[in-house]
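Q: Quick one: structure below, then a few questions.
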Number of protein chains: 4
Amino acid sequence: MARPSTDLDAGREALLNCVEGLIEQRGGVSITLAELASAANMSPANLYRFFESKEALYEAVAERWFAPKIRMMEEVLASDLPIREKFNAFYARRLRSIIAFYAHDPVLAQSYIELGREHMAIVRGYIDLADHFLARLVAEAKDAGYFPGLSIDETVSLINLMLQTFCDPELIIMLIHSVSEKKLARVIDAIFDGLRGDAAASHLSVVV
Amino acid sequence: MARPSTDLDAGREALLNCVEGLIEQRGGVSITLAELASAANMSPANLYRFFESKEALYEAVAERWFAPKIRMMEEVLASDLPIREKFNAFYARRLRSIIAFYAHDPVLAQSYIELGREHMAIVRGYIDLADHFLARLVAEAKDAGYFPGLSIDETVSLINLMLQTFCDPELIIMLIHSVSEKKLARVIDAIFDGLRGDAAASHLSVVV
Amino acid sequence: MARPSTDLDAGREALLNCVEGLIEQRGGVSITLAELASAANMSPANLYRFFESKEALYEAVAERWFAPKIRMMEEVLASDLPIREKFNAFYARRLRSIIAFYAHDPVLAQSYIELGREHMAIVRGYIDLADHFLARLVAEAKDAGYFPGLSIDETVSLINLMLQTFCDPELIIMLIHSVSEKKLARVIDAIFDGLRGDAAASHLSVVV
Amino acid sequence: MARPSTDLDAGREALLNCVEGLIEQRGGVSITLAELASAANMSPANLYRFFESKEALYEAVAERWFAPKIRMMEEVLASDLPIREKFNAFYARRLRSIIAFYAHDPVLAQSYIELGREHMAIVRGYIDLADHFLARLVAEAKDAGYFPGLSIDETVSLINLMLQTFCDPELIIMLIHSVSEKKLARVIDAIFDGLRGDAAASHLSVVV
DNA sequence: GATGAATGAGGCTTCATTCAT
DNA sequence: CATGAATGAAGCCTCATTCAT
């Protein structure tokens, strides 16, 4: 009866906060379970009541970071904006949120980046998800006549290359002073107005 | 027997270059001695001819990073510039070099920062050294009548707080778009013209 | 209050049945208390009401296996059969019961053997007890004039060697197709008719 | 130069012998790396020079056990016996070797069985390989007109059911006194003469 | 009584470090 | 000099066991 999971969930939240605290204090690099346990005033073994492995813990940390971004993307996809605006929103909202997060706590942001680099496998899942969303946007755009002569996969690949600096948090932070929503809009315009397969065929063969 | 140390020194340099290469390729996180040895085409055991421990290796990496800055600071201290300019040069030259390094290779710069966070103990020594230099500058400034009513230590502490963002590489990079030598000059002016003990007594108690 | 031990005893029995079930299903190797608890629909902690340790649990399992054999041995010892028949019954009844158990459930039998090998310490106690009974039988036999020139201990040791394959369950099962009560009877005859100290002195020195 | 692997290979062999010794002494259940290391007079860490994990060690143990059987099966498959004899040889040779191994060292054989039960995943690979060989035999037999109305997979599945007791070492040992090459031959005759799809259709649906 | 929470000991594995050659 | 062999300490994880409720 009751919700036996509530306690565990609360504990999980508390632990995630703890992790966040540690990350901020000393970077996210090589945090030890012993270290986390001691920060959380429990034995290392007890951590396993809340997370079934260190990996699962990092997944939860990643989820905390990515969940709102995924929600955003889903909202945008479900919206009935015209495709070009939809496309812009898809990237702009994420960009804005990353910039805001960085502005609010640059050290924490940096540390998340580090963490991401150490746990590529976890991050990759989210990148793939974003790619999947992008593919759906591209399909919609193709239905509207854009990107003629290009397959969806080709288009996705090209767009990823062009917009990398507007969606990879690491690059965004690295180029924080030159990246902006305005520039993003420009690039997206260029993509929609200029990206096609016919003229560019020879180049594409290089890309592939 | 010639000078066996020359060989060792050359080997050390080569290894440090190797380390730098590794750091740039894959971040500085959890580089293994085996990994470094294999990158340097030697056995792990042989590394110990050049560095007596992994810690010592990291110290050398740190020294490479800090040495020119220390030299700079020493030069400035030894110069016969008027104290205010001396003070400015003390910070401005370091700031310029960090910004240049970051501009030249942002990823490497980031990785050094990571490394620094992982090896705080090593870094701390250099921070203390810089504090020591600063204390000598402050003493000189006090001789010239500045910072009345403040002890050297109090002054050093206050100045560190105010100039943190102009000398901590992590903060500099983090605020790369808002930090500049010009602003540094302004802040230093404010320090020289405004920092004194009497009026600020109540605040200082808070600081401590 | 009543007799709280009755409940406990019942619980103990139930648990032992549970263990037996688990052993049969998945072998006796590395059964977890958590696993047993869940199979018994109780919390792991509650197991400790019934058995004070995992070791104690295994002792009980062993006891279940050994108890009827011990009872048999006691009955035989208390009986007033002539010594030679008594001796035969001492071994034959155990042999029969082991063969029957194996015939009834070979997998379970195998698993008990495994278990025994993993918990030698527990088993050793029962072996010692059997040795003690045997020593009493041997004493009785010596009173009747058998085994002249041999001490009780020497006799016990020799008999153990000769009858090992008729009382070690592992060996019995291993040699299931060549072991039989008839052969046992032959061997016992040989022991009673042939085992003496004088002629065999030189060999005995080797045995010791 | 030379063969740097030779030492390692020798060490591996030595370790496998050690494992075999341990298995024989105290069963194969829950052998600890520490235990093995101490039996081999080395530190647990050093084991990793020879085997990259405990799993890999057990794989090597398994390979030692299975390799000759696989070779046998391959030889039989490559031979140009008539299919029925080939089929018989395929099983009979394995059966003979298992019985011989058991006869030569029953305790060790038992312990290998235990080990197999603890490391099903490793064993499964070999079972699958045997199934693959069997499928090729069945295909050959079908080309010769046997097993009409049955697919290869169905036939393999049925034969496995019928011959289980002649190829699973655990079952062979368990039934050591009733299993024989002669009986195997009888069963194989029945399979070749009687196994077909048409008449048995209704039964097959049950089997599936 | 019975349970969930918590822990320490011990297992596998990695890695910096040492040592004999 | 340089190496391969070997190790101890430390990290992650499991599990028998205890304790407050």
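Labels for the structure tokens follow display order: chains A, B, ..., residues from 1 in each chain, ligands from 1.
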Just the residues within 12 Å of F:DC12, please, counting only C-alpha atoms (C1' of nucleotides), with nothing from its chain fewer than 2 positions along; format it as number ranges by chain.
A: A: 32-34, 44-45, 47-48, 52-55; E: 11-14; F: 10, 14
Q: So that I can check the surroundings of stretch 141-147 of chain A, please list as a list in words every protein, DNA and RNA residue that reaches within 9 Å of it, counting only C-alpha atoms (C1' of nucleotides) and ignoring chain neighbours fewer than 4 positions away.
A: Ile83, Arg84, Phe87, Arg136, Leu137, Ser151, Ile152, Thr155, Ile191, Phe192, Asp193, Gly194, Leu195, Arg196 and Gly197 of chain A
Q: May I have the selected residues written with N, CA and C atoms, as a JSON list (two decimals), in the first residue's frame?
A:
[["chain", "number", "residue", "atom", "x", "y", "z"],
["A", 83, "ILE", "N", 6.71, 25.43, -40.92],
["A", 83, "ILE", "CA", 7.89, 24.61, -40.74],
["A", 83, "ILE", "C", 9.16, 25.41, -40.49],
["A", 84, "ARG", "N", 9.29, 26.52, -41.16],
["A", 84, "ARG", "CA", 10.54, 27.28, -40.99],
["A", 84, "ARG", "C", 10.64, 27.82, -39.56],
["A", 87, "PHE", "N", 11.27, 25.03, -37.21],
["A", 87, "PHE", "CA", 12.67, 24.66, -37.27],
["A", 87, "PHE", "C", 13.51, 25.60, -36.41],
["A", 136, "ARG", "N", 12.46, 14.11, -38.37],
["A", 136, "ARG", "CA", 11.02, 14.34, -38.59],
["A", 136, "ARG", "C", 10.77, 15.76, -39.09],
["A", 137, "LEU", "N", 11.50, 16.71, -38.54],
["A", 137, "LEU", "CA", 11.37, 18.09, -39.03],
["A", 137, "LEU", "C", 11.75, 18.16, -40.50],
["A", 151, "SER", "N", 18.24, 13.31, -49.74],
["A", 151, "SER", "CA", 17.50, 12.38, -48.89],
["A", 151, "SER", "C", 17.41, 12.98, -47.49],
["A", 152, "ILE", "N", 16.53, 12.42, -46.70],
["A", 152, "ILE", "CA", 16.41, 12.91, -45.33],
["A", 152, "ILE", "C", 17.73, 12.76, -44.59],
["A", 155, "THR", "N", 20.24, 15.30, -45.62],
["A", 155, "THR", "CA", 19.90, 16.62, -45.11],
["A", 155, "THR", "C", 20.23, 16.73, -43.63],
["A", 191, "ILE", "N", 19.91, 27.75, -44.73],
["A", 191, "ILE", "CA", 19.64, 26.33, -44.93],
["A", 191, "ILE", "C", 18.37, 26.12, -45.74],
["A", 192, "PHE", "N", 17.33, 26.84, -45.33],
["A", 192, "PHE", "CA", 16.06, 26.64, -46.02],
["A", 192, "PHE", "C", 16.09, 27.19, -47.45],
["A", 193, "ASP", "N", 16.79, 28.30, -47.63],
["A", 193, "ASP", "CA", 16.79, 28.91, -48.97],
["A", 193, "ASP", "C", 17.81, 28.27, -49.90],
["A", 194, "GLY", "N", 18.83, 27.69, -49.31],
["A", 194, "GLY", "CA", 19.93, 27.29, -50.19],
["A", 194, "GLY", "C", 20.23, 25.80, -50.27],
["A", 195, "LEU", "N", 19.70, 25.03, -49.34],
["A", 195, "LEU", "CA", 20.14, 23.63, -49.30],
["A", 195, "LEU", "C", 19.37, 22.77, -50.30],
["A", 196, "ARG", "N", 20.05, 22.29, -51.30],
["A", 196, "ARG", "CA", 19.40, 21.42, -52.28],
["A", 196, "ARG", "C", 20.43, 20.44, -52.82],
["A", 197, "GLY", "N", 19.92, 19.38, -53.44],
["A", 197, "GLY", "CA", 20.82, 18.32, -53.87],
["A", 197, "GLY", "C", 21.44, 18.51, -55.23]]
Q: Might you pull out every residue within 9 Å of C:Ile122, with only C-alpha atoms (C1' of nucleotides) counted and same-chain residues fewer than 2 positions away left off, and present them as a PyMOL selection string?
A: chain C and resi 55+58-59+62+116+119-120+124-126
Q: Atom CA of A:Arg186 and atom CA of A:Arg96 are how many Å apart?
A: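 Distance between the two atoms: 15.7 Å.
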Q: If you take only C-alpha atoms and a cut-off of 12 Å, which residues of chain B touch chain A, and what are their nearest atom pairs and distances in Å to one decimal, in chain and number order, as CSV?
A:
residue,atom,partner,partner_atom,distance
B:Arg26,CA,A:Arg117,CA,9.1
B:Gly27,CA,A:Arg117,CA,8.4
B:Gly28,CA,A:Val29,CA,10.0
B:Val29,CA,A:Val29,CA,7.1
B:Ser30,CA,A:Ser30,CA,8.0
B:Ile31,CA,A:Ser30,CA,11.8
B:Tyr102,CA,A:Met174,CA,9.8
B:Ala103,CA,A:Met174,CA,10.2
B:Asp105,CA,A:Met174,CA,10.7
B:Pro106,CA,A:Met174,CA,7.2
B:Val107,CA,A:Met174,CA,8.4
B:Leu108,CA,A:Met174,CA,11.6
B:Ala109,CA,A:Met174,CA,10.6
B:Gln110,CA,A:Met174,CA,9.1
B:Ser111,CA,A:Glu114,CA,9.2
B:Ile113,CA,A:Gly27,CA,10.2
B:Glu114,CA,A:Gly27,CA,7.7
B:Leu115,CA,A:Val29,CA,9.4
B:Gly116,CA,A:Gly27,CA,10.3
B:Arg117,CA,A:Arg26,CA,6.6
B:Glu118,CA,A:Val29,CA,7.4
B:His119,CA,A:Arg26,CA,10.2
B:Met120,CA,A:Arg26,CA,9.2
B:Glu170,CA,A:Val107,CA,8.6
B:Leu171,CA,A:Val107,CA,8.6
B:Ile172,CA,A:Pro106,CA,11.4
B:Ile173,CA,A:Met174,CA,8.6
B:Met174,CA,A:Pro106,CA,6.7
B:Leu175,CA,A:Pro106,CA,8.8
B:Ile176,CA,A:His177,CA,7.8
B:His177,CA,A:His177,CA,5.5
B:Ser178,CA,A:His177,CA,8.7
B:Val179,CA,A:His177,CA,11.3
Q: Store the residues of this selection in a file with C-alpha atoms, as a PDB file, in the first residue's frame.
A:
ATOM      1  CA  ARG B  26      41.195  12.991 -25.479  1.00  0.00           C
ATOM      2  CA  GLY B  27      40.982  15.430 -22.624  1.00  0.00           C
ATOM      3  CA  GLY B  28      43.139  15.298 -19.561  1.00  0.00           C
ATOM      4  CA  VAL B  29      40.797  13.067 -17.622  1.00  0.00           C
ATOM      5  CA  SER B  30      42.198   9.779 -16.387  1.00  0.00           C
ATOM      6  CA  ILE B  31      45.240   9.483 -18.590  1.00  0.00           C
ATOM      7  CA  TYR B 102      42.737  30.178 -25.056  1.00  0.00           C
ATOM      8  CA  ALA B 103      42.325  31.829 -28.443  1.00  0.00           C
ATOM      9  CA  ASP B 105      43.574  26.367 -28.661  1.00  0.00           C
ATOM     10  CA  PRO B 106      40.383  26.524 -26.628  1.00  0.00           C
ATOM     11  CA  VAL B 107      40.055  22.769 -26.182  1.00  0.00           C
ATOM     12  CA  LEU B 108      43.534  22.435 -24.799  1.00  0.00           C
ATOM     13  CA  ALA B 109      42.926  25.373 -22.514  1.00  0.00           C
ATOM     14  CA  GLN B 110      39.762  23.806 -21.194  1.00  0.00           C
ATOM     15  CA  SER B 111      41.576  20.563 -20.589  1.00  0.00           C
ATOM     16  CA  ILE B 113      41.567  23.788 -16.458  1.00  0.00           C
ATOM     17  CA  GLU B 114      40.092  20.367 -15.843  1.00  0.00           C
ATOM     18  CA  LEU B 115      43.509  19.101 -14.981  1.00  0.00           C
ATOM     19  CA  GLY B 116      43.982  21.945 -12.584  1.00  0.00           C
ATOM     20  CA  ARG B 117      40.752  21.117 -10.853  1.00  0.00           C
ATOM     21  CA  GLU B 118      41.808  17.509 -10.517  1.00  0.00           C
ATOM     22  CA  HIS B 119      45.155  18.484  -9.061  1.00  0.00           C
ATOM     23  CA  MET B 120      44.243  21.375  -6.855  1.00  0.00           C
ATOM     24  CA  GLU B 170      38.943  29.244 -15.272  1.00  0.00           C
ATOM     25  CA  LEU B 171      37.090  32.450 -14.583  1.00  0.00           C
ATOM     26  CA  ILE B 172      38.828  34.300 -17.383  1.00  0.00           C
ATOM     27  CA  ILE B 173      37.757  31.697 -19.889  1.00  0.00           C
ATOM     28  CA  MET B 174      34.339  31.572 -18.424  1.00  0.00           C
ATOM     29  CA  LEU B 175      33.948  35.298 -18.803  1.00  0.00           C
ATOM     30  CA  ILE B 176      36.089  35.558 -21.846  1.00  0.00           C
ATOM     31  CA  HIS B 177      33.723  37.960 -23.578  1.00  0.00           C
ATOM     32  CA  SER B 178      33.495  40.465 -20.778  1.00  0.00           C
ATOM     33  CA  VAL B 179      37.032  40.442 -19.475  1.00  0.00           C
TER      34      VAL B 179
END
